[in-house]
>>> print(open('model_31.pdb').read())   # PDB, C-alpha atoms and all ligand atoms
ATOM      1  CA  MET D   1      13.182 -12.739 -26.207
ATOM      2  CA  HIS D   2      10.397 -12.971 -23.706
ATOM      3  CA  PHE D   3       7.438 -10.620 -24.087
ATOM      4  CA  VAL D   4       4.646 -10.540 -21.503
ATOM      5  CA  VAL D   5       1.331  -8.879 -22.294
ATOM      6  CA  CYS D   6      -0.995  -7.902 -19.438
ATOM      7  CA  ILE D   7      -4.617  -8.187 -20.504
ATOM      8  CA  LYS D   8      -7.812  -7.525 -18.591
ATOM      9  CA  GLN D   9     -11.191  -9.140 -19.177
ATOM     10  CA  VAL D  10     -13.835  -6.412 -19.260
ATOM     11  CA  PRO D  11     -17.590  -6.236 -19.900
ATOM     12  CA  ASP D  12     -18.364  -5.558 -23.561
ATOM     13  CA  SER D  13     -19.583  -1.980 -23.239
ATOM     14  CA  ALA D  14     -21.349  -2.241 -26.615
ATOM     15  CA  GLN D  15     -23.625  -4.884 -25.068
ATOM     16  CA  ILE D  16     -24.503  -3.005 -21.878
ATOM     17  CA  ARG D  17     -28.207  -2.140 -21.719
ATOM     18  CA  VAL D  18     -30.059   0.365 -19.563
ATOM     19  CA  HIS D  19     -32.997  -1.006 -17.555
ATOM     20  CA  PRO D  20     -36.168   0.430 -19.113
ATOM     21  CA  VAL D  21     -37.859   1.052 -15.747
ATOM     22  CA  THR D  22     -35.095   1.873 -13.268
ATOM     23  CA  ASN D  23     -32.732   3.518 -15.808
ATOM     24  CA  THR D  24     -29.806   1.706 -14.178
ATOM     25  CA  ILE D  25     -27.068  -0.173 -16.047
ATOM     26  CA  MET D  26     -27.863  -3.890 -16.412
ATOM     27  CA  ARG D  27     -24.531  -5.673 -15.820
ATOM     28  CA  GLN D  28     -25.862  -9.191 -15.467
ATOM     29  CA  GLY D  29     -25.417 -11.418 -18.496
ATOM     30  CA  VAL D  30     -23.194  -8.871 -20.272
ATOM     31  CA  PRO D  31     -20.632 -10.755 -22.388
ATOM     32  CA  THR D  32     -16.955 -10.161 -21.628
ATOM     33  CA  ILE D  33     -14.136  -9.344 -24.027
ATOM     34  CA  ILE D  34     -10.408  -8.675 -23.890
ATOM     35  CA  ASN D  35      -9.969  -4.990 -23.097
ATOM     36  CA  PRO D  36      -9.712  -3.579 -26.659
ATOM     37  CA  TYR D  37      -6.631  -1.446 -25.901
ATOM     38  CA  ASP D  38      -4.744  -4.592 -24.819
ATOM     39  CA  LEU D  39      -5.135  -6.144 -28.263
ATOM     40  CA  PHE D  40      -2.845  -3.506 -29.819
ATOM     41  CA  SER D  41      -0.148  -4.449 -27.307
ATOM     42  CA  LEU D  42      -0.724  -8.151 -27.951
ATOM     43  CA  GLU D  43      -0.373  -7.625 -31.709
ATOM     44  CA  GLU D  44       2.839  -5.638 -31.254
ATOM     45  CA  ALA D  45       4.317  -8.348 -28.993
ATOM     46  CA  LEU D  46       3.432 -11.028 -31.559
ATOM     47  CA  ARG D  47       5.036  -8.977 -34.353
ATOM     48  CA  LEU D  48       8.246  -8.595 -32.357
ATOM     49  CA  ARG D  49       8.309 -12.318 -31.540
ATOM     50  CA  ASP D  50       7.763 -13.192 -35.205
ATOM     51  CA  LYS D  51      10.643 -10.873 -36.150
ATOM     52  CA  VAL D  52      13.293 -11.590 -33.527
ATOM     53  CA  GLY D  53      12.119 -14.906 -32.071
ATOM     54  CA  GLY D  54      11.103 -15.769 -28.541
ATOM     55  CA  GLU D  55       7.838 -16.213 -26.683
ATOM     56  CA  VAL D  56       4.758 -14.222 -25.815
ATOM     57  CA  THR D  57       3.218 -14.884 -22.396
ATOM     58  CA  ILE D  58      -0.198 -13.451 -21.524
ATOM     59  CA  LEU D  59      -0.996 -12.500 -17.945
ATOM     60  CA  THR D  60      -4.300 -11.598 -16.384
ATOM     61  CA  MET D  61      -5.529 -11.173 -12.843
ATOM     62  CA  GLY D  62      -9.201 -11.928 -12.502
ATOM     63  CA  PRO D  63     -11.871 -14.484 -11.636
ATOM     64  CA  PRO D  64     -11.602 -18.043 -13.051
ATOM     65  CA  MET D  65     -13.782 -17.058 -16.020
ATOM     66  CA  ALA D  66     -11.016 -14.679 -17.148
ATOM     67  CA  SER D  67      -9.444 -17.820 -18.625
ATOM     68  CA  ASP D  68     -11.835 -17.277 -21.586
ATOM     69  CA  SER D  69      -9.914 -14.146 -22.523
ATOM     70  CA  LEU D  70      -6.592 -15.934 -22.083
ATOM     71  CA  ARG D  71      -7.706 -18.704 -24.418
ATOM     72  CA  LYS D  72      -8.785 -16.085 -26.939
ATOM     73  CA  ALA D  73      -5.316 -14.505 -26.715
ATOM     74  CA  LEU D  74      -3.776 -17.944 -27.327
ATOM     75  CA  THR D  75      -6.036 -18.274 -30.374
ATOM     76  CA  ILE D  76      -4.652 -14.996 -31.700
ATOM     77  CA  GLY D  77      -1.130 -16.398 -31.393
ATOM     78  CA  ALA D  78       0.277 -16.078 -27.858
ATOM     79  CA  ASP D  79       2.454 -18.952 -26.632
ATOM     80  CA  ARG D  80       1.495 -19.201 -22.981
ATOM     81  CA  ALA D  81      -1.203 -17.884 -20.652
ATOM     82  CA  VAL D  82      -1.061 -17.242 -16.917
ATOM     83  CA  LEU D  83      -4.183 -16.645 -14.838
ATOM     84  CA  LEU D  84      -3.659 -15.057 -11.441
ATOM     85  CA  THR D  85      -6.771 -15.816  -9.476
ATOM     86  CA  ASP D  86      -7.535 -15.853  -5.763
ATOM     87  CA  ARG D  87     -10.281 -14.592  -3.508
ATOM     88  CA  PHE D  88      -7.643 -12.391  -1.853
ATOM     89  CA  PHE D  89      -7.554 -10.241  -5.018
ATOM     90  CA  ALA D  90     -11.254  -9.285  -4.860
ATOM     91  CA  GLY D  91     -11.897  -5.535  -4.705
ATOM     92  CA  SER D  92      -8.401  -4.524  -5.898
ATOM     93  CA  ASP D  93      -7.834  -0.904  -6.832
ATOM     94  CA  THR D  94      -4.986   0.072  -9.147
ATOM     95  CA  LEU D  95      -2.410  -0.005  -6.333
ATOM     96  CA  ALA D  96      -3.308  -3.573  -5.333
ATOM     97  CA  THR D  97      -3.702  -4.660  -8.980
ATOM     98  CA  SER D  98      -0.253  -3.381  -9.923
ATOM     99  CA  TYR D  99       1.249  -5.058  -6.836
ATOM    100  CA  ALA D 100      -0.241  -8.465  -7.665
ATOM    101  CA  LEU D 101       0.698  -8.200 -11.350
ATOM    102  CA  ALA D 102       4.251  -7.116 -10.524
ATOM    103  CA  GLN D 103       4.680 -10.112  -8.209
ATOM    104  CA  ALA D 104       3.293 -12.444 -10.874
ATOM    105  CA  LEU D 105       5.662 -10.930 -13.458
ATOM    106  CA  ARG D 106       8.591 -11.653 -11.142
ATOM    107  CA  LYS D 107       7.381 -15.241 -10.838
ATOM    108  CA  ILE D 108       6.929 -15.523 -14.618
ATOM    109  CA  GLY D 109      10.540 -14.402 -15.045
ATOM    110  CA  GLU D 110      11.753 -17.030 -12.574
ATOM    111  CA  THR D 111       9.600 -19.803 -14.023
ATOM    112  CA  PHE D 112       9.654 -19.234 -17.782
ATOM    113  CA  GLY D 113      12.720 -17.059 -18.315
ATOM    114  CA  PRO D 114      13.648 -13.379 -17.806
ATOM    115  CA  VAL D 115      11.137 -10.894 -19.204
ATOM    116  CA  ASP D 116      12.491  -8.410 -21.762
ATOM    117  CA  ILE D 117       9.398  -6.314 -22.483
ATOM    118  CA  VAL D 118       6.169  -6.039 -20.491
ATOM    119  CA  PHE D 119       3.251  -4.722 -22.535
ATOM    120  CA  ALA D 120       0.037  -3.239 -21.141
ATOM    121  CA  GLY D 121      -2.902  -1.458 -22.692
ATOM    122  CA  LYS D 122      -3.099   2.324 -22.525
ATOM    123  CA  GLN D 123      -6.163   2.015 -20.289
ATOM    124  CA  THR D 124      -9.198  -0.208 -19.765
ATOM    125  CA  ILE D 125     -12.753   0.503 -20.877
ATOM    126  CA  ASP D 126     -14.228  -0.243 -17.436
ATOM    127  CA  GLY D 127     -11.819   1.073 -14.769
ATOM    128  CA  ASP D 128     -10.324   3.565 -17.228
ATOM    129  CA  THR D 129      -7.598   4.831 -14.892
ATOM    130  CA  ALA D 130      -4.520   4.104 -17.068
ATOM    131  CA  GLN D 131      -2.569   3.620 -13.840
ATOM    132  CA  VAL D 132      -1.859  -0.113 -13.823
ATOM    133  CA  GLY D 133       0.836  -0.222 -16.547
ATOM    134  CA  PRO D 134       2.920   2.601 -15.026
ATOM    135  CA  GLY D 135       2.256   1.149 -11.535
ATOM    136  CA  VAL D 136       3.702  -2.211 -12.551
ATOM    137  CA  ALA D 137       6.696  -0.502 -14.200
ATOM    138  CA  LYS D 138       7.442   1.466 -11.035
ATOM    139  CA  ARG D 139       7.251  -1.630  -8.860
ATOM    140  CA  LEU D 140       9.588  -3.587 -11.156
ATOM    141  CA  ASP D 141      11.875  -0.617 -11.797
ATOM    142  CA  LEU D 142      11.240  -0.829 -15.553
ATOM    143  CA  LEU D 143      11.679   2.075 -17.959
ATOM    144  CA  GLN D 144       8.211   3.294 -18.980
ATOM    145  CA  LEU D 145       7.426   3.918 -22.631
ATOM    146  CA  THR D 146       3.786   4.982 -22.796
ATOM    147  CA  TYR D 147       1.553   6.163 -25.683
ATOM    148  CA  VAL D 148       3.746   4.322 -28.179
ATOM    149  CA  SER D 149       2.507   4.667 -31.763
ATOM    150  CA  ALA D 150       5.162   2.561 -33.516
ATOM    151  CA  ILE D 151       8.115   0.327 -32.703
ATOM    152  CA  VAL D 152      10.875   1.215 -35.119
ATOM    153  CA  GLU D 153      13.586  -1.254 -34.155
ATOM    154  CA  LEU D 154      14.370  -3.889 -31.559
ATOM    155  CA  ASP D 155      18.015  -4.832 -31.287
ATOM    156  CA  GLY D 156      18.596  -8.056 -29.373
ATOM    157  CA  GLU D 157      22.377  -7.687 -29.336
ATOM    158  CA  SER D 158      22.573  -4.244 -27.754
ATOM    159  CA  ARG D 159      19.315  -4.969 -25.904
ATOM    160  CA  SER D 160      17.785  -1.683 -26.977
ATOM    161  CA  ILE D 161      14.535  -0.569 -28.572
ATOM    162  CA  LYS D 162      13.727   2.465 -30.726
ATOM    163  CA  LEU D 163      10.156   3.676 -30.957
ATOM    164  CA  GLU D 164       7.806   6.550 -31.647
ATOM    165  CA  ARG D 165       5.674   8.010 -28.916
ATOM    166  CA  ARG D 166       2.786  10.420 -29.300
ATOM    167  CA  SER D 167       3.235  13.537 -27.243
ATOM    168  CA  GLU D 168       1.477  16.858 -27.060
ATOM    169  CA  GLY D 169       1.980  18.580 -30.392
ATOM    170  CA  GLY D 170       4.167  15.947 -32.052
ATOM    171  CA  VAL D 171       5.895  12.614 -32.075
ATOM    172  CA  GLN D 172       8.924  11.774 -29.917
ATOM    173  CA  VAL D 173      11.472   9.256 -31.162
ATOM    174  CA  LEU D 174      12.914   7.432 -28.174
ATOM    175  CA  GLN D 175      15.605   4.848 -27.676
ATOM    176  CA  SER D 176      15.600   2.743 -24.542
ATOM    177  CA  LYS D 177      17.407  -0.138 -22.941
ATOM    178  CA  LEU D 178      15.637  -3.389 -22.126
ATOM    179  CA  PRO D 179      13.869  -4.477 -19.994
ATOM    180  CA  CYS D 180      11.053  -1.951 -20.295
ATOM    181  CA  MET D 181       7.300  -1.473 -20.076
ATOM    182  CA  ILE D 182       5.387  -0.388 -23.187
ATOM    183  CA  THR D 183       1.795   0.749 -23.585
ATOM    184  CA  MET D 184       0.645   0.887 -27.214
ATOM    185  CA  LEU D 185      -1.776   3.446 -28.576
ATOM    186  CA  GLU D 186      -5.038   2.341 -30.131
ATOM    187  CA  GLY D 187      -4.872   2.063 -33.923
ATOM    188  CA  SER D 188      -1.086   1.641 -33.876
ATOM    189  CA  ASN D 189      -1.468  -1.699 -35.694
ATOM    190  CA  VAL D 190      -4.096  -4.029 -37.119
ATOM    191  CA  VAL D 191      -4.805  -6.928 -34.807
ATOM    192  CA  ARG D 192      -4.441 -10.304 -36.542
ATOM    193  CA  ARG D 193      -7.238 -12.860 -36.571
ATOM    194  CA  GLY D 194      -5.103 -15.877 -35.633
ATOM    195  CA  ARG D 195      -4.407 -19.012 -37.647
ATOM    196  CA  ILE D 196      -6.220 -22.346 -37.567
ATOM    197  CA  ASP D 197      -3.243 -24.091 -35.936
ATOM    198  CA  ASP D 198      -3.178 -21.428 -33.200
ATOM    199  CA  ALA D 199      -6.886 -22.027 -32.593
ATOM    200  CA  LEU D 200      -6.338 -25.790 -32.322
ATOM    201  CA  ARG D 201      -3.376 -25.303 -29.990
ATOM    202  CA  ALA D 202      -5.373 -22.820 -27.879
ATOM    203  CA  ALA D 203      -8.261 -25.253 -27.495
ATOM    204  CA  ARG D 204      -5.930 -27.861 -25.981
ATOM    205  CA  ALA D 205      -3.580 -25.504 -24.111
ATOM    206  CA  GLU D 206      -3.264 -25.677 -20.374
ATOM    207  CA  ILE D 207      -3.688 -22.301 -18.732
ATOM    208  CA  VAL D 208      -1.141 -21.805 -15.980
ATOM    209  CA  THR D 209      -3.265 -20.899 -12.954
ATOM    210  CA  TRP D 210      -1.655 -19.315  -9.930
ATOM    211  CA  SER D 211      -3.061 -18.371  -6.548
ATOM    212  CA  ALA D 212      -1.511 -15.515  -4.574
ATOM    213  CA  LYS D 213       0.725 -18.076  -2.832
ATOM    214  CA  ASP D 214       1.753 -19.697  -6.143
ATOM    215  CA  ALA D 215       2.813 -16.265  -7.427
ATOM    216  CA  GLY D 216       5.039 -15.824  -4.374
ATOM    217  CA  ILE D 217       2.821 -13.180  -2.777
ATOM    218  CA  GLU D 218       3.494 -13.269   0.942
ATOM    219  CA  ASP D 219       1.976 -10.007   2.126
ATOM    220  CA  LEU D 220      -1.749 -10.490   1.548
ATOM    221  CA  ALA D 221      -2.435  -7.157   3.256
ATOM    222  CA  LEU D 222      -1.235  -5.517   0.017
ATOM    223  CA  CYS D 223      -3.834  -7.415  -2.041
ATOM    224  CA  GLY D 224      -7.525  -6.984  -2.787
ATOM    225  CA  LEU D 225      -9.713  -4.711  -0.729
ATOM    226  CA  ARG D 226      -7.234  -4.651   2.194
ATOM    227  CA  GLY D 227      -4.498  -3.322  -0.065
ATOM    228  CA  SER D 228      -6.776  -0.805  -1.806
ATOM    229  CA  PRO D 229      -6.733   2.560  -0.015
ATOM    230  CA  THR D 230      -8.790   4.352  -2.695
ATOM    231  CA  VAL D 231     -11.617   1.829  -2.506
ATOM    232  CA  VAL D 232     -11.596   1.556   1.284
ATOM    233  CA  LYS D 233     -11.702   5.344   1.676
ATOM    234  CA  ARG D 234     -14.620   5.614  -0.732
ATOM    235  CA  VAL D 235     -16.758   3.199   1.238
ATOM    236  CA  PHE D 236     -19.566   5.156   2.881
ATOM    237  CA  ALA D 237     -19.814   4.061   6.485
ATOM    238  CA  PRO D 238     -22.644   5.843   8.351
ATOM    239  CA  ALA D 239     -21.715   6.929  11.858
ATOM    240  CA  ALA D 240     -23.159   4.836  14.667
ATOM    241  CA  ARG D 241     -26.468   6.231  15.960
ATOM    242  CA  ALA D 242     -26.160   7.830  19.353
ATOM    243  CA  GLU D 243     -29.662   6.866  20.510
ATOM    244  CA  LYS D 244     -31.184   3.413  20.397
ATOM    245  CA  ALA D 245     -33.935   2.737  17.858
ATOM    246  CA  ALA D 246     -37.408   3.022  19.424
ATOM    247  CA  GLN D 247     -39.706   0.038  19.167
ATOM    248  CA  VAL D 248     -43.297   0.352  18.023
ATOM    249  CA  GLU D 249     -45.768  -2.138  19.414
ATOM    250  CA  ILE D 250     -47.729  -4.068  16.804
ATOM    251  CA  ALA D 251     -51.389  -3.048  17.197
ATOM    252  CA  PRO D 252     -54.302  -5.464  16.653
ATOM    253  CA  THR D 253     -54.868  -4.092  13.120
ATOM    254  CA  GLN D 254     -52.457  -2.882  10.411
ATOM    255  CA  ALA D 255     -54.223   0.493  10.259
ATOM    256  CA  GLU D 256     -53.692   1.063  13.990
ATOM    257  CA  THR D 257     -49.999   0.058  13.681
ATOM    258  CA  ALA D 258     -49.621   2.488  10.767
ATOM    259  CA  GLU D 259     -51.245   5.284  12.814
ATOM    260  CA  THR D 260     -48.883   4.643  15.739
ATOM    261  CA  LEU D 261     -45.896   4.706  13.351
ATOM    262  CA  ILE D 262     -47.057   7.937  11.697
ATOM    263  CA  ALA D 263     -47.584   9.566  15.083
ATOM    264  CA  ALA D 264     -44.064   8.542  16.129
ATOM    265  CA  ILE D 265     -42.595   9.968  12.884
ATOM    266  CA  PHE D 266     -44.530  13.250  13.248
ATOM    267  CA  ALA D 267     -43.379  13.552  16.882
ATOM    268  CA  LYS D 268     -39.769  13.145  15.747
ATOM    269  CA  ALA D 269     -40.018  15.347  12.634
ATOM    270  CA  PRO D 270     -42.795  17.942  12.966
ATOM    271  CA  ALA D 271     -41.765  19.505   9.614
ATOM    272  CA  ILE D 272     -43.019  16.387   7.818
ATOM    273  CA  GLU D 273     -46.396  16.713   9.522
ATOM    274  CA  SER D 274     -46.751  20.391   8.615
ATOM    275  CA  ASP D 275     -45.688  19.737   4.952
ATOM    276  CA  LEU D 276     -48.170  16.907   4.633
ATOM    277  CA  THR D 277     -50.910  18.989   6.277
ATOM    278  CA  LYS D 278     -50.276  21.801   3.772
ATOM    279  CA  LEU D 279     -50.335  19.325   0.882
ATOM    280  CA  ALA D 280     -53.578  17.824   2.121
ATOM    281  CA  ALA D 281     -55.055  21.334   2.376
ATOM    282  CA  GLY D 282     -54.225  21.926  -1.308
ATOM    283  CA  PHE D 283     -51.224  24.225  -0.967
TER     284      PHE D 283
HETATM  285  P1  LIG Y 301      -5.985   0.606 -16.235
HETATM  286  O1  LIG Y 301      -4.930   1.197 -15.395
HETATM  287  O2  LIG Y 301      -6.821   1.531 -17.040
HETATM  288  O3  LIG Y 301      -5.358  -0.507 -17.182
HETATM  289  C1  LIG Y 301      -4.198  -0.296 -17.957
HETATM  290  C2  LIG Y 301      -3.699  -1.640 -18.393
HETATM  291  O4  LIG Y 301      -3.239  -2.391 -17.273
HETATM  292  C3  LIG Y 301      -4.728  -2.533 -19.067
HETATM  293  O5  LIG Y 301      -4.948  -2.166 -20.398
HETATM  294  C4  LIG Y 301      -4.069  -3.900 -18.896
HETATM  295  O6  LIG Y 301      -3.048  -4.046 -19.829
HETATM  296  C5  LIG Y 301      -3.463  -3.790 -17.505
HETATM  297  N1  LIG Y 301      -4.380  -4.322 -16.499
HETATM  298  C6  LIG Y 301      -5.299  -3.671 -15.751
HETATM  299  N2  LIG Y 301      -5.953  -4.540 -14.941
HETATM  300  C7  LIG Y 301      -5.425  -5.751 -15.193
HETATM  301  C8  LIG Y 301      -5.677  -7.069 -14.689
HETATM  302  N3  LIG Y 301      -6.609  -7.315 -13.755
HETATM  303  N4  LIG Y 301      -4.952  -8.083 -15.177
HETATM  304  C9  LIG Y 301      -4.007  -7.878 -16.120
HETATM  305  N5  LIG Y 301      -3.729  -6.675 -16.648
HETATM  306  C10 LIG Y 301      -4.433  -5.634 -16.186
HETATM  307  N6  LIG Y 301      -9.565   1.779  -9.019
HETATM  308  C11 LIG Y 301      -9.053   2.551  -8.048
HETATM  309  O7  LIG Y 301      -7.830   2.604  -7.887
HETATM  310  N7  LIG Y 301      -9.869   3.266  -7.215
HETATM  311  C12 LIG Y 301     -11.209   3.280  -7.365
HETATM  312  O8  LIG Y 301     -11.907   3.941  -6.624
HETATM  313  C13 LIG Y 301     -11.794   2.485  -8.399
HETATM  314  N8  LIG Y 301     -13.141   2.435  -8.621
HETATM  315  C14 LIG Y 301     -13.649   1.666  -9.606
HETATM  316  C15 LIG Y 301     -15.032   1.655  -9.849
HETATM  317  C16 LIG Y 301     -15.574   0.880 -10.867
HETATM  318  C17 LIG Y 301     -17.062   0.876 -11.086
HETATM  319  C18 LIG Y 301     -14.715   0.095 -11.694
HETATM  320  C19 LIG Y 301     -15.291  -0.744 -12.801
HETATM  321  C20 LIG Y 301     -13.357   0.134 -11.471
HETATM  322  C21 LIG Y 301     -12.804   0.898 -10.445
HETATM  323  N9  LIG Y 301     -11.429   0.972 -10.223
HETATM  324  C22 LIG Y 301     -10.912   1.735  -9.225
HETATM  325  C23 LIG Y 301     -10.495   0.241 -11.051
HETATM  326  C24 LIG Y 301     -10.460  -1.162 -10.613
HETATM  327  O9  LIG Y 301     -10.049  -1.354  -9.350
HETATM  328  C25 LIG Y 301      -9.734  -1.846 -11.667
HETATM  329  O10 LIG Y 301     -10.447  -2.927 -12.126
HETATM  330  C26 LIG Y 301      -8.307  -2.252 -11.478
HETATM  331  O11 LIG Y 301      -7.636  -1.633 -10.457
HETATM  332  C27 LIG Y 301      -7.557  -1.972 -12.764
HETATM  333  O12 LIG Y 301      -7.617  -0.608 -13.049
HETATM  334  P2  LIG Y 301      -8.134  -0.128 -14.452
HETATM  335  O13 LIG Y 301      -9.224  -1.018 -14.921
HETATM  336  O14 LIG Y 301      -8.403   1.323 -14.357
HETATM  337  O15 LIG Y 301      -6.867  -0.406 -15.367
END
>>> encode(input="model_31.pdb", output="structure tokens", more="lines below")
Ligand code: FAD
Amino acid sequence: MHFVVCIKQVPDSAQIRVHPVTNTIMRQGVPTIINPYDLFSLEEALRLRDKVGGEVTILTMGPPMASDSLRKALTIGADRAVLLTDRFFAGSDTLATSYALAQALRKIGETFGPVDIVFAGKQTIDGDTAQVGPGVAKRLDLLQLTYVSAIVELDGESRSIKLERRSEGGVQVLQSKLPCMITMLEGSNVVRRGRIDDALRAARAEIVTWSAKDAGIEDLALCGLRGSPTVVKRVFAPAARAEKAAQVEIAPTQAETAETLIAAIFAKAPAIESDLTKLAAGF
């Protein structure tokens, strides 16, 4: 069987520091990790492979440095890693991310064999939307099995899977046909550490690296910022100013230039002048 696990490289939120002066989040130099929720899906895929045989392929879309997370996943025991990386993917929202991943999954199926189960994390710790897994499933017409707490049985002959899913007020026991998409709940298993031979293999492994074109993506308008309606709509674009900006002549001294500027500001906004006058008068 062929299991594919989608993982995302995210900043390690435990290492994020707040700037002592500006009180803003300092993102630079923050180490990256595999999104913790994805590790539960990776572990479950490895368990199934160990039980019924087959291969586990890891897929990520991200910058070239996301290969670090892929190599880590190989160290834990995955068989193959695919990095989808291209400048056309920059600025992707969940719609564009799920499109690119779905196309790559199609290509993985064509290249390395049909995919039986696609795993994703429940959500990420940076974007946090929990939309990508279901988005990929919809695009590939896969049955969606989300919030899975345990896989009870995988039957290769009848190509069916039985599992437990957490729902409001209880646990659902579901049976589904393959192929399907599964998102595992956190704590549903204990993630293995990986063996020495996996670590050695991972160190030498070649990471399959695909551009948008390599993954068979023809419509680049559906990728990255162009294919991301939520991001594009959020961008704050100030309306063009009706009047032209006035120029202030540079005076012989800085003080005179400052006086000219202040006079121009007060002429434009008399309220500022009256507030400042009151302040200066001790109000
Ligand atoms: P989720 O849907 O939470 O991820 C679920 C699972 O999908 C993951 O566990 C993983 O298995 C898989 N997955 C997710 N991303 C990848 C990947 N790149 N490669 C492989 N597998 C993956 N998105 C919007 O749609 N609109 C916004 O306005 C928006 N604003 C954002 C603002 C900030 C500051 C940040 C950090 C993110 C924002 N995002 C937004 C999300 C962003 O675009 C995401 O990085 C991307 O779309 C994935 O969404 P997510 O992280 O919420 O994934």
>>> atom_distance(input="model_31.pdb", atom1="atom C26 of ligand LIG 301 (chain Y)", atom2="CA of Val136 in chain D")
12.1 Å
>>> closest_atom_pairs(input="model_31.pdb", of="chain D", to="ligand LIG 301 (chain Y)", cutoff="6 Å", atoms="only C-alpha atoms and all ligand atoms", output="tab-separated table")
residue	atom	partner	partner_atom	distance
D:Cys6	CA	Y:LIG301	N5	4.1
D:Ile7	CA	Y:LIG301	N5	4.2
D:Lys8	CA	Y:LIG301	C8	4.5
D:Tyr37	CA	Y:LIG301	O5	5.8
D:Asp38	CA	Y:LIG301	O5	5.0
D:Leu59	CA	Y:LIG301	C9	5.8
D:Thr60	CA	Y:LIG301	C9	3.7
D:Met61	CA	Y:LIG301	N4	3.9
D:Gly62	CA	Y:LIG301	N3	5.4
D:Ser92	CA	Y:LIG301	O9	5.0
D:Asp93	CA	Y:LIG301	O9	3.4
D:Thr94	CA	Y:LIG301	O11	3.4
D:Thr97	CA	Y:LIG301	O11	5.2
D:Ala120	CA	Y:LIG301	O6	3.4
D:Gly121	CA	Y:LIG301	O5	3.2
D:Lys122	CA	Y:LIG301	O5	5.3
D:Gln123	CA	Y:LIG301	O2	3.4
D:Thr124	CA	Y:LIG301	O2	4.0
D:Asp126	CA	Y:LIG301	C19	4.8
D:Gly127	CA	Y:LIG301	O13	3.3
D:Asp128	CA	Y:LIG301	O2	4.1
D:Thr129	CA	Y:LIG301	O14	3.6
D:Ala130	CA	Y:LIG301	O1	3.4
D:Gln131	CA	Y:LIG301	O1	3.7
D:Val132	CA	Y:LIG301	O1	3.7
D:Gly133	CA	Y:LIG301	O4	4.7
D:Thr230	CA	Y:LIG301	N7	4.8
D:Val231	CA	Y:LIG301	O8	4.6
>>> closest_residue(input="model_31.pdb", among="D:Ser158, D:Thr257, D:Thr111, D:Thr75", to="Arg201 in chain D", atoms="all atoms listed in the file")
D:Thr75
>>> atom_distance(input="model_31.pdb", atom1="CA of Leu220 in chain D", atom2="CA of Ile58 in chain D")
23.3 Å
>>> residues_near_point(input="model_31.pdb", point="(-8.4, -12.1, -6.9)", cutoff="9 Å", atoms="all atoms listed in the file", output="list in words")
Met61, Gly62, Pro63, Leu84, Thr85, Asp86, Arg87, Phe88, Phe89, Ala90, Gly91, Ser92, Ala100, Ser211, Ala212, Cys223 and Gly224 of chain D
>>> resolve_selection(input="model_31.pdb", expression="the PyMOL selection byres (((chain D and resi 29) around 10) and not hetatm)", output="PyMOL selection string")
chain D and resi 11+15-16+26-28+30-32
>>> closest_residue(input="model_31.pdb", among="D:Met65, D:Ile196, D:Pro179, D:Phe40", to="Tyr147 in chain D", atoms="all atoms listed in the file")
D:Phe40
>>> atom_distance(input="model_31.pdb", atom1="CA of Gly216 in chain D", atom2="CA of Val82 in chain D")
14.0 Å
>>> closest_atom_pairs(input="model_31.pdb", of="range 15-112 of chain D", to="range 187-192 of chain D", cutoff="7 Å", atoms="only C-alpha atoms", output="Markdown table")
| residue | atom | partner | partner_atom | distance |
| --- | --- | --- | --- | --- |
| D:Leu39 | CA | D:Val191 | CA | 6.6 |
| D:Phe40 | CA | D:Asn189 | CA | 6.3 |
| D:Glu43 | CA | D:Val191 | CA | 5.5 |
| D:Ile76 | CA | D:Arg192 | CA | 6.7 |
>>> resolve_selection(input="model_31.pdb", expression="the PyMOL selection byres (((chain D and resi 80) around 8) and not hetatm)", output="NGL selection string")
:D and (55-58 or 74 or 78-79 or 81-82 or 207-208)
>>> residues_around(input="model_31.pdb", residues="Leu261 in chain D", least_positions_apart="5", cutoff="9 Å", atoms="only C-alpha atoms", output="list of chain:residue names")
D:Val248, D:Glu256, D:Phe266
>>> residues_near_point(input="model_31.pdb", point="(6.6, 5.9, -36.4)", cutoff="7 Å", atoms="only C-alpha atoms", output="list in words")
Ser149, Ala150, Ile151, Val152, Leu163 and Glu164 of chain D
>>> closest_residue(input="model_31.pdb", among="D:Trp210, D:Thr253, D:Ala245, D:Ser13", to="Gln103 in chain D", atoms="all atoms listed in the file")
D:Trp210
>>> residues_around(input="model_31.pdb", residues="Gly53 in chain D", least_positions_apart="5", cutoff="10 Å", atoms="all atoms listed in the file", output="PyMOL selection string")
chain D and resi 1-2+46-48+156
